[in-house]
$ cat query_6.tsv   # TSV, N, CA and C atoms
chain	number	residue	atom	x	y	z
A	1	GLN	N	-32.11	-10.00	-9.77
A	1	GLN	CA	-30.76	-9.45	-9.69
A	1	GLN	C	-30.03	-10.12	-8.53
A	2	LEU	N	-28.77	-10.46	-8.80
A	2	LEU	CA	-27.97	-11.07	-7.77
A	2	LEU	C	-27.61	-10.03	-6.72
A	3	GLN	N	-27.61	-10.44	-5.47
A	3	GLN	CA	-27.28	-9.52	-4.40
A	3	GLN	C	-26.22	-10.13	-3.49
A	4	PHE	N	-25.29	-9.26	-3.10
A	4	PHE	CA	-24.21	-9.67	-2.19
A	4	PHE	C	-24.22	-8.78	-0.96
A	5	VAL	N	-23.71	-9.33	0.11
A	5	VAL	CA	-23.45	-8.53	1.29
A	5	VAL	C	-22.01	-8.79	1.69
A	6	GLU	N	-21.20	-7.74	1.66
A	6	GLU	CA	-19.81	-7.85	2.11
A	6	GLU	C	-19.73	-7.46	3.58
A	7	SER	N	-18.85	-8.08	4.29
A	7	SER	CA	-18.63	-7.74	5.69
A	7	SER	C	-17.20	-8.09	6.08
A	8	GLY	N	-16.79	-7.60	7.24
A	8	GLY	CA	-15.48	-7.94	7.75
A	8	GLY	C	-14.47	-6.82	7.72
A	9	GLY	N	-14.85	-5.68	7.17
A	9	GLY	CA	-13.92	-4.57	7.12
A	9	GLY	C	-13.70	-3.94	8.48
A	10	GLY	N	-12.74	-3.04	8.54
A	10	GLY	CA	-12.47	-2.35	9.78
A	10	GLY	C	-11.15	-1.63	9.75
A	11	LEU	N	-10.74	-1.17	10.91
A	11	LEU	CA	-9.48	-0.45	11.07
A	11	LEU	C	-8.46	-1.39	11.71
A	12	VAL	N	-7.33	-1.56	11.05
A	12	VAL	CA	-6.27	-2.41	11.58
A	12	VAL	C	-4.93	-1.70	11.43
A	13	GLU	N	-3.95	-2.21	12.15
A	13	GLU	CA	-2.61	-1.68	12.05
A	13	GLU	C	-1.81	-2.48	11.02
A	14	PRO	N	-0.77	-1.89	10.47
A	14	PRO	CA	0.06	-2.62	9.52
A	14	PRO	C	0.55	-3.94	10.10
A	15	GLY	N	0.50	-4.97	9.28
A	15	GLY	CA	0.93	-6.29	9.72
A	15	GLY	C	-0.19	-7.18	10.24
A	16	GLU	N	-1.33	-6.58	10.51
A	16	GLU	CA	-2.46	-7.36	11.03
A	16	GLU	C	-3.25	-8.01	9.89
A	17	SER	N	-4.27	-8.80	10.27
A	17	SER	CA	-5.05	-9.56	9.31
A	17	SER	C	-6.54	-9.24	9.43
A	18	LEU	N	-7.24	-9.47	8.34
A	18	LEU	CA	-8.69	-9.39	8.31
A	18	LEU	C	-9.22	-10.46	7.37
A	19	LYS	N	-10.45	-10.89	7.61
A	19	LYS	CA	-11.10	-11.80	6.68
A	19	LYS	C	-12.42	-11.19	6.25
A	20	LEU	N	-12.54	-10.95	4.96
A	20	LEU	CA	-13.76	-10.40	4.40
A	20	LEU	C	-14.68	-11.53	3.96
A	21	SER	N	-15.98	-11.27	4.07
A	21	SER	CA	-16.97	-12.24	3.63
A	21	SER	C	-17.86	-11.62	2.55
A	22	CYS	N	-18.23	-12.43	1.60
A	22	CYS	CA	-19.17	-12.03	0.56
A	22	CYS	C	-20.25	-13.10	0.53
A	23	THR	N	-21.42	-12.74	1.01
A	23	THR	CA	-22.50	-13.71	1.12
A	23	THR	C	-23.58	-13.39	0.10
A	24	ALA	N	-24.06	-14.42	-0.56
A	24	ALA	CA	-25.06	-14.24	-1.61
A	24	ALA	C	-26.46	-14.38	-1.06
A	25	SER	N	-27.34	-13.66	-1.70
A	25	SER	CA	-28.75	-13.73	-1.34
A	25	SER	C	-29.55	-14.11	-2.57
A	26	GLY	N	-30.27	-15.24	-2.46
A	26	GLY	CA	-31.17	-15.59	-3.54
A	26	GLY	C	-30.56	-16.34	-4.70
A	27	PHE	N	-29.28	-16.68	-4.61
A	27	PHE	CA	-28.67	-17.45	-5.68
A	27	PHE	C	-27.47	-18.20	-5.12
A	28	THR	N	-26.91	-19.09	-5.90
A	28	THR	CA	-25.79	-19.91	-5.46
A	28	THR	C	-24.48	-19.34	-5.99
A	29	LEU	N	-23.63	-18.91	-5.06
A	29	LEU	CA	-22.38	-18.27	-5.46
A	29	LEU	C	-21.50	-19.17	-6.31
A	30	SER	N	-21.52	-20.44	-6.04
A	30	SER	CA	-20.62	-21.35	-6.73
A	30	SER	C	-20.97	-21.52	-8.20
A	31	HIS	N	-22.08	-20.96	-8.63
A	31	HIS	CA	-22.45	-21.00	-10.04
A	31	HIS	C	-21.80	-19.87	-10.84
A	32	TYR	N	-21.07	-19.02	-10.15
A	32	TYR	CA	-20.47	-17.85	-10.79
A	32	TYR	C	-18.99	-17.74	-10.42
A	33	ASN	N	-18.25	-17.04	-11.25
A	33	ASN	CA	-16.93	-16.57	-10.84
A	33	ASN	C	-17.16	-15.41	-9.87
A	34	ILE	N	-16.41	-15.37	-8.79
A	34	ILE	CA	-16.56	-14.32	-7.81
A	34	ILE	C	-15.22	-13.63	-7.61
A	35	GLY	N	-15.26	-12.32	-7.74
A	35	GLY	CA	-14.03	-11.55	-7.59
A	35	GLY	C	-14.12	-10.54	-6.47
A	36	TRP	N	-12.97	-10.18	-5.94
A	36	TRP	CA	-12.84	-9.08	-5.00
A	36	TRP	C	-12.10	-7.95	-5.69
A	37	PHE	N	-12.64	-6.76	-5.54
A	37	PHE	CA	-12.03	-5.57	-6.10
A	37	PHE	C	-11.93	-4.52	-4.99
A	38	ARG	N	-11.08	-3.55	-5.20
A	38	ARG	CA	-10.96	-2.50	-4.18
A	38	ARG	C	-10.77	-1.16	-4.86
A	39	GLN	N	-11.15	-0.14	-4.12
A	39	GLN	CA	-10.94	1.21	-4.60
A	39	GLN	C	-10.48	2.08	-3.44
A	40	ALA	N	-9.30	2.62	-3.59
A	40	ALA	CA	-8.75	3.53	-2.59
A	40	ALA	C	-9.21	4.95	-2.92
A	41	PRO	N	-9.20	5.81	-1.93
A	41	PRO	CA	-9.60	7.20	-2.18
A	41	PRO	C	-8.79	7.83	-3.31
A	42	GLU	N	-9.49	8.42	-4.24
A	42	GLU	CA	-8.89	9.13	-5.37
A	42	GLU	C	-8.10	8.22	-6.29
A	43	LYS	N	-8.38	6.95	-6.25
A	43	LYS	CA	-7.72	6.01	-7.16
A	43	LYS	C	-8.77	5.20	-7.90
A	44	GLU	N	-8.35	4.61	-8.99
A	44	GLU	CA	-9.27	3.78	-9.75
A	44	GLU	C	-9.45	2.43	-9.07
A	45	ARG	N	-10.58	1.84	-9.37
A	45	ARG	CA	-10.85	0.50	-8.86
A	45	ARG	C	-9.86	-0.50	-9.46
A	46	GLU	N	-9.44	-1.46	-8.65
A	46	GLU	CA	-8.52	-2.48	-9.15
A	46	GLU	C	-8.96	-3.86	-8.68
A	47	GLY	N	-8.63	-4.84	-9.49
A	47	GLY	CA	-8.93	-6.21	-9.11
A	47	GLY	C	-7.94	-6.72	-8.09
A	48	VAL	N	-8.43	-7.51	-7.16
A	48	VAL	CA	-7.61	-8.04	-6.09
A	48	VAL	C	-7.45	-9.55	-6.22
A	49	ALA	N	-8.58	-10.25	-6.33
A	49	ALA	CA	-8.54	-11.70	-6.40
A	49	ALA	C	-9.83	-12.20	-7.02
A	50	CYS	N	-9.76	-13.39	-7.60
A	50	CYS	CA	-10.96	-13.96	-8.20
A	50	CYS	C	-10.92	-15.48	-8.08
A	51	LEU	N	-12.10	-16.05	-7.93
A	51	LEU	CA	-12.27	-17.49	-7.77
A	51	LEU	C	-13.28	-17.96	-8.80
A	52	THR	N	-12.91	-18.98	-9.56
A	52	THR	CA	-13.84	-19.45	-10.58
A	52	THR	C	-14.88	-20.41	-9.98
A	53	THR	N	-15.85	-20.75	-10.79
A	53	THR	CA	-16.95	-21.57	-10.32
A	53	THR	C	-16.50	-22.93	-9.81
A	54	THR	N	-15.40	-23.41	-10.29
A	54	THR	CA	-14.91	-24.71	-9.85
A	54	THR	C	-14.45	-24.68	-8.40
A	55	GLY	N	-14.16	-23.48	-7.93
A	55	GLY	CA	-13.60	-23.36	-6.59
A	55	GLY	C	-12.14	-23.73	-6.53
A	56	VAL	N	-11.55	-23.97	-7.68
A	56	VAL	CA	-10.16	-24.42	-7.74
A	56	VAL	C	-9.25	-23.34	-8.30
A	57	ASN	N	-9.69	-22.70	-9.37
A	57	ASN	CA	-8.85	-21.70	-10.02
A	57	ASN	C	-8.96	-20.35	-9.32
A	58	THR	N	-7.82	-19.82	-8.94
A	58	THR	CA	-7.77	-18.53	-8.28
A	58	THR	C	-6.77	-17.63	-8.99
A	59	TYR	N	-7.05	-16.34	-8.94
A	59	TYR	CA	-6.20	-15.34	-9.57
A	59	TYR	C	-6.00	-14.19	-8.59
A	60	TYR	N	-4.79	-13.65	-8.58
A	60	TYR	CA	-4.46	-12.60	-7.63
A	60	TYR	C	-3.70	-11.47	-8.32
A	61	ALA	N	-3.94	-10.28	-7.83
A	61	ALA	CA	-3.12	-9.16	-8.26
A	61	ALA	C	-1.72	-9.33	-7.68
A	62	ASN	N	-0.73	-8.87	-8.40
A	62	ASN	CA	0.66	-9.01	-7.93
A	62	ASN	C	0.85	-8.38	-6.56
A	63	ALA	N	0.14	-7.30	-6.31
A	63	ALA	CA	0.33	-6.57	-5.06
A	63	ALA	C	-0.10	-7.36	-3.83
A	64	VAL	N	-0.92	-8.39	-4.04
A	64	VAL	CA	-1.45	-9.13	-2.88
A	64	VAL	C	-1.03	-10.59	-2.86
A	65	LYS	N	-0.34	-11.04	-3.89
A	65	LYS	CA	0.08	-12.44	-3.94
A	65	LYS	C	0.92	-12.80	-2.73
A	66	GLY	N	0.61	-13.93	-2.13
A	66	GLY	CA	1.33	-14.37	-0.95
A	66	GLY	C	0.78	-13.82	0.35
A	67	ARG	N	-0.09	-12.83	0.25
A	67	ARG	CA	-0.68	-12.24	1.46
A	67	ARG	C	-2.19	-12.47	1.55
A	68	PHE	N	-2.85	-12.49	0.42
A	68	PHE	CA	-4.30	-12.65	0.39
A	68	PHE	C	-4.65	-14.02	-0.18
A	69	THR	N	-5.76	-14.57	0.33
A	69	THR	CA	-6.26	-15.85	-0.17
A	69	THR	C	-7.77	-15.76	-0.35
A	70	ILE	N	-8.24	-16.16	-1.52
A	70	ILE	CA	-9.68	-16.20	-1.79
A	70	ILE	C	-10.11	-17.65	-1.75
A	71	PHE	N	-11.24	-17.89	-1.09
A	71	PHE	CA	-11.75	-19.26	-1.00
A	71	PHE	C	-13.24	-19.19	-0.70
A	72	ASP	N	-13.92	-20.31	-0.86
A	72	ASP	CA	-15.36	-20.31	-0.60
A	72	ASP	C	-15.76	-21.39	0.40
A	73	ASP	N	-16.93	-21.18	0.93
A	73	ASP	CA	-17.59	-22.18	1.78
A	73	ASP	C	-18.98	-22.37	1.17
A	74	ARG	N	-19.15	-23.43	0.44
A	74	ARG	CA	-20.38	-23.61	-0.31
A	74	ARG	C	-21.58	-23.89	0.60
A	75	ASP	N	-21.32	-24.46	1.73
A	75	ASP	CA	-22.43	-24.68	2.67
A	75	ASP	C	-22.99	-23.36	3.17
A	76	LYS	N	-22.13	-22.35	3.26
A	76	LYS	CA	-22.54	-21.04	3.74
A	76	LYS	C	-22.83	-20.07	2.59
A	77	ASN	N	-22.63	-20.54	1.36
A	77	ASN	CA	-22.87	-19.70	0.19
A	77	ASN	C	-22.09	-18.38	0.30
A	78	THR	N	-20.85	-18.52	0.69
A	78	THR	CA	-20.02	-17.35	0.99
A	78	THR	C	-18.63	-17.52	0.37
A	79	VAL	N	-18.12	-16.42	-0.14
A	79	VAL	CA	-16.73	-16.36	-0.61
A	79	VAL	C	-15.97	-15.44	0.34
A	80	TYR	N	-14.79	-15.85	0.71
A	80	TYR	CA	-13.99	-15.10	1.67
A	80	TYR	C	-12.72	-14.56	1.02
A	81	LEU	N	-12.21	-13.52	1.63
A	81	LEU	CA	-10.89	-13.01	1.26
A	81	LEU	C	-10.10	-12.87	2.56
A	82	GLN	N	-9.18	-13.79	2.78
A	82	GLN	CA	-8.30	-13.72	3.94
A	82	GLN	C	-7.13	-12.82	3.59
A	83	MET	N	-6.94	-11.80	4.37
A	83	MET	CA	-5.90	-10.80	4.09
A	83	MET	C	-4.93	-10.77	5.26
A	84	ASN	N	-3.70	-11.12	4.99
A	84	ASN	CA	-2.66	-11.13	6.01
A	84	ASN	C	-1.63	-10.05	5.73
A	85	ASN	N	-0.91	-9.68	6.77
A	85	ASN	CA	0.15	-8.68	6.63
A	85	ASN	C	-0.36	-7.45	5.88
A	86	LEU	N	-1.45	-6.92	6.34
A	86	LEU	CA	-2.03	-5.75	5.68
A	86	LEU	C	-1.10	-4.55	5.79
A	87	GLN	N	-1.11	-3.75	4.75
A	87	GLN	CA	-0.27	-2.56	4.66
A	87	GLN	C	-1.13	-1.34	4.35
A	88	PRO	N	-0.63	-0.17	4.64
A	88	PRO	CA	-1.42	1.04	4.37
A	88	PRO	C	-1.94	1.13	2.94
A	89	GLU	N	-1.19	0.62	1.99
A	89	GLU	CA	-1.64	0.68	0.59
A	89	GLU	C	-2.80	-0.26	0.30
A	90	ASP	N	-3.16	-1.09	1.25
A	90	ASP	CA	-4.33	-1.95	1.10
A	90	ASP	C	-5.62	-1.23	1.52
A	91	THR	N	-5.49	-0.05	2.03
A	91	THR	CA	-6.65	0.74	2.44
A	91	THR	C	-7.58	1.00	1.27
A	92	GLY	N	-8.88	0.84	1.52
A	92	GLY	CA	-9.86	1.12	0.48
A	92	GLY	C	-11.17	0.41	0.78
A	93	THR	N	-12.11	0.62	-0.11
A	93	THR	CA	-13.38	-0.09	-0.03
A	93	THR	C	-13.29	-1.33	-0.90
A	94	TYR	N	-13.64	-2.44	-0.33
A	94	TYR	CA	-13.54	-3.73	-1.00
A	94	TYR	C	-14.93	-4.21	-1.41
A	95	TYR	N	-15.03	-4.62	-2.66
A	95	TYR	CA	-16.28	-5.06	-3.22
A	95	TYR	C	-16.15	-6.48	-3.74
A	96	CYS	N	-17.22	-7.24	-3.61
A	96	CYS	CA	-17.26	-8.50	-4.34
A	96	CYS	C	-18.19	-8.35	-5.53
A	97	ALA	N	-17.93	-9.14	-6.53
A	97	ALA	CA	-18.69	-9.04	-7.77
A	97	ALA	C	-18.73	-10.41	-8.44
A	98	SER	N	-19.73	-10.59	-9.28
A	98	SER	CA	-19.90	-11.89	-9.94
A	98	SER	C	-19.74	-11.77	-11.45
A	99	GLU	N	-19.41	-12.89	-12.03
A	99	GLU	CA	-19.29	-13.02	-13.47
A	99	GLU	C	-19.79	-14.40	-13.86
A	100	VAL	N	-20.44	-14.47	-15.02
A	100	VAL	CA	-20.88	-15.78	-15.48
A	100	VAL	C	-19.66	-16.64	-15.80
A	101	PRO	N	-19.78	-17.93	-15.71
A	101	PRO	CA	-18.64	-18.82	-16.00
A	101	PRO	C	-18.07	-18.57	-17.39
A	102	TYR	N	-16.76	-18.62	-17.49
A	102	TYR	CA	-16.05	-18.44	-18.77
A	102	TYR	C	-16.26	-17.04	-19.34
A	103	GLY	N	-16.57	-16.09	-18.48
A	103	GLY	CA	-16.80	-14.73	-18.96
A	103	GLY	C	-15.53	-14.02	-19.37
A	104	GLY	N	-14.40	-14.44	-18.84
A	104	GLY	CA	-13.14	-13.87	-19.28
A	104	GLY	C	-12.58	-12.79	-18.40
A	105	SER	N	-13.37	-12.26	-17.48
A	105	SER	CA	-12.88	-11.16	-16.65
A	105	SER	C	-12.17	-11.64	-15.40
A	106	CYS	N	-12.60	-12.76	-14.88
A	106	CYS	CA	-12.04	-13.24	-13.61
A	106	CYS	C	-10.54	-13.44	-13.72
A	107	GLU	N	-10.12	-14.12	-14.76
A	107	GLU	CA	-8.70	-14.44	-14.91
A	107	GLU	C	-7.83	-13.18	-14.95
A	108	TYR	N	-8.37	-12.11	-15.52
A	108	TYR	CA	-7.60	-10.88	-15.68
A	108	TYR	C	-8.01	-9.81	-14.67
A	109	LEU	N	-8.87	-10.17	-13.75
A	109	LEU	CA	-9.28	-9.26	-12.67
A	109	LEU	C	-9.78	-7.93	-13.24
A	110	VAL	N	-10.61	-8.07	-14.24
A	110	VAL	CA	-11.16	-6.89	-14.90
A	110	VAL	C	-12.57	-6.65	-14.41
A	111	GLY	N	-12.79	-5.48	-13.89
A	111	GLY	CA	-14.10	-5.18	-13.32
A	111	GLY	C	-15.20	-5.01	-14.34
A	112	LEU	N	-14.83	-4.58	-15.56
A	112	LEU	CA	-15.85	-4.29	-16.55
A	112	LEU	C	-16.71	-5.49	-16.89
A	113	GLY	N	-16.14	-6.66	-16.80
A	113	GLY	CA	-16.88	-7.85	-17.18
A	113	GLY	C	-17.70	-8.44	-16.06
A	114	MET	N	-17.60	-7.86	-14.88
A	114	MET	CA	-18.36	-8.39	-13.75
A	114	MET	C	-19.77	-7.81	-13.81
A	115	ASP	N	-20.74	-8.67	-13.54
A	115	ASP	CA	-22.12	-8.27	-13.79
A	115	ASP	C	-22.82	-7.64	-12.60
A	116	ASN	N	-22.53	-8.12	-11.41
A	116	ASN	CA	-23.24	-7.67	-10.22
A	116	ASN	C	-22.25	-7.36	-9.12
A	117	TRP	N	-22.54	-6.31	-8.37
A	117	TRP	CA	-21.61	-5.82	-7.36
A	117	TRP	C	-22.30	-5.64	-6.02
A	118	GLY	N	-21.53	-5.88	-4.97
A	118	GLY	CA	-21.99	-5.55	-3.64
A	118	GLY	C	-21.75	-4.08	-3.34
A	119	LYS	N	-22.13	-3.66	-2.15
A	119	LYS	CA	-22.00	-2.25	-1.78
A	119	LYS	C	-20.65	-1.94	-1.16
A	120	GLY	N	-19.89	-2.96	-0.81
A	120	GLY	CA	-18.54	-2.75	-0.33
A	120	GLY	C	-18.41	-2.72	1.18
A	121	THR	N	-17.17	-2.97	1.60
A	121	THR	CA	-16.82	-2.87	3.02
A	121	THR	C	-15.48	-2.16	3.11
A	122	LEU	N	-15.35	-1.24	4.04
A	122	LEU	CA	-14.18	-0.37	4.12
A	122	LEU	C	-13.10	-0.99	5.00
A	123	ILE	N	-11.89	-0.93	4.49
A	123	ILE	CA	-10.71	-1.35	5.24
A	123	ILE	C	-9.76	-0.18	5.35
A	124	THR	N	-9.32	0.09	6.56
A	124	THR	CA	-8.34	1.13	6.78
A	124	THR	C	-7.16	0.52	7.52
A	125	VAL	N	-5.99	0.65	6.93
A	125	VAL	CA	-4.77	0.13	7.54
A	125	VAL	C	-3.91	1.33	7.92
A	126	SER	N	-3.77	1.52	9.21
A	126	SER	CA	-3.06	2.70	9.68
A	126	SER	C	-2.52	2.46	11.08
A	127	SER	N	-1.37	3.04	11.34
A	127	SER	CA	-0.81	2.95	12.69
A	127	SER	C	-1.17	4.18	13.49

$ encode --input "query_6.tsv" --output "structure tokens"
Amino acid sequence: QLQFVESGGGLVEPGESLKLSCTASGFTLSHYNIGWFRQAPEKEREGVACLTTTGVNTYYANAVKGRFTIFDDRDKNTVYLQMNNLQPEDTGTYYCASEVPYGGSCEYLVGLGMDNWGKGTLITVSS
């Protein structure tokens, strides 16, 4: 089973930045599509961003376009989510998840098609 470890969460004020990391254990991340999803308290999980195996194609939710960037470092076997200008509505637990290439979920940021999930890292944006 694929395993991820997410890190980088914390408490920040509106307008600040954070960079989340998703590190793989026992497999090569670049062989999969990797997505970031989030779930706020009492809300459904939603897709945030996704990176395909090529490392070139990226997809973003409208709510984060222009503020968040997903990218990878293949030497570190890690996918990152750089989050700028964070807002209170970005509060939630952020998860990374994998999908086999051409699985169809990455492009549409659909969680159902993702096969393996990390345990998440909590982000709280509050003044």

$ closest_residue --input "query_6.tsv" --among "A:Thr28, A:Glu99, A:Pro88, A:Lys43" --to "Leu11 of chain A" --atoms "only C-alpha atoms"
A:Pro88

$ atom_distance --input "query_6.tsv" --atom1 "atom C of Pro41 of chain A" --atom2 "atom CA of Asp72 of chain A"
29.0 Å

$ atom_distance --input "query_6.tsv" --atom1 "atom CA of Gln82 of chain A" --atom2 "atom CA of Gln39 of chain A"
17.4 Å

$ closest_residue --input "query_6.tsv" --among "A:Ala40, A:Met83, A:Ala61, A:Leu2" --to "Ala24 of chain A" --atoms "only C-alpha atoms"
A:Leu2

$ closest_residue --input "query_6.tsv" --among "A:Leu109, A:Val64, A:Ala97, A:Thr121" --to "Ile34 of chain A" --atoms "only N, CA and C atoms"
A:Ala97

$ residues_around --input "query_6.tsv" --residues "Lys119 of chain A" --least-positions-apart "3" --cutoff "6.5 Å" --atoms "all atoms listed in the file" --output "PyMOL selection string"
chain A and resi 4-6+94-96

$ write_last_selection --input "query_6.tsv" --atoms "N, CA and C atoms" --output "mmCIF file, keeping the file's coordinate frame"
data_model
loop_
_atom_site.group_PDB
_atom_site.id
_atom_site.type_symbol
_atom_site.label_atom_id
_atom_site.label_comp_id
_atom_site.auth_asym_id
_atom_site.auth_seq_id
_atom_site.Cartn_x
_atom_site.Cartn_y
_atom_site.Cartn_z
ATOM 1 N N PHE A 4 -25.290 -9.260 -3.100
ATOM 2 C CA PHE A 4 -24.210 -9.670 -2.190
ATOM 3 C C PHE A 4 -24.220 -8.780 -0.960
ATOM 4 N N VAL A 5 -23.710 -9.330 0.110
ATOM 5 C CA VAL A 5 -23.450 -8.530 1.290
ATOM 6 C C VAL A 5 -22.010 -8.790 1.690
ATOM 7 N N GLU A 6 -21.200 -7.740 1.660
ATOM 8 C CA GLU A 6 -19.810 -7.850 2.110
ATOM 9 C C GLU A 6 -19.730 -7.460 3.580
ATOM 10 N N TYR A 94 -13.640 -2.440 -0.330
ATOM 11 C CA TYR A 94 -13.540 -3.730 -1.000
ATOM 12 C C TYR A 94 -14.930 -4.210 -1.410
ATOM 13 N N TYR A 95 -15.030 -4.620 -2.660
ATOM 14 C CA TYR A 95 -16.280 -5.060 -3.220
ATOM 15 C C TYR A 95 -16.150 -6.480 -3.740
ATOM 16 N N CYS A 96 -17.220 -7.240 -3.610
ATOM 17 C CA CYS A 96 -17.260 -8.500 -4.340
ATOM 18 C C CYS A 96 -18.190 -8.350 -5.530
#

$ closest_residue --input "query_6.tsv" --among "A:Thr58, A:Asn33, A:Arg38, A:Thr78" --to "Tyr102 of chain A" --atoms "only N, CA and C atoms"
A:Asn33

$ atom_distance --input "query_6.tsv" --atom1 "atom C of Ala63 of chain A" --atom2 "atom C of Val48 of chain A"
8.0 Å

$ residues_near_point --input "query_6.tsv" --point "(-13.7, -0.1, 8.6)" --cutoff "8 Å" --atoms "all atoms listed in the file" --output "list of chain:residue names"
A:Gly8, A:Gly9, A:Gly10, A:Leu11, A:Val12, A:Thr121, A:Leu122, A:Ile123, A:Thr124, A:Val125

$ residues_around --input "query_6.tsv" --residues "Gln1 of chain A" --least-positions-apart "6" --cutoff "8 Å" --atoms "all atoms listed in the file" --output "PyMOL selection string"
chain A and resi 25-27+116

$ closest_residue --input "query_6.tsv" --among "A:Ser126, A:Gly120, A:Tyr59, A:Gly92" --to "Glu42 of chain A" --atoms "only C-alpha atoms"
A:Gly92

$ residues_around --input "query_6.tsv" --residues "Trp36 of chain A" --least-positions-apart "5" --cutoff "10 Å" --atoms "only C-alpha atoms" --output "list in words"
Leu20, Cys22, Glu46, Gly47, Val48, Ala49, Cys50, Leu51, Tyr60, Ile70, Val79, Tyr80, Leu81, Tyr94, Tyr95, Cys96, Ala97, Ser98, Cys106, Leu109, Gly111, Trp117, Gly118 and Gly120 of chain A

$ residues_around --input "query_6.tsv" --residues "Ser30 of chain A" --least-positions-apart "3" --cutoff "8 Å" --atoms "only C-alpha atoms" --output "number ranges by chain"
A: 33, 53-55, 74, 77
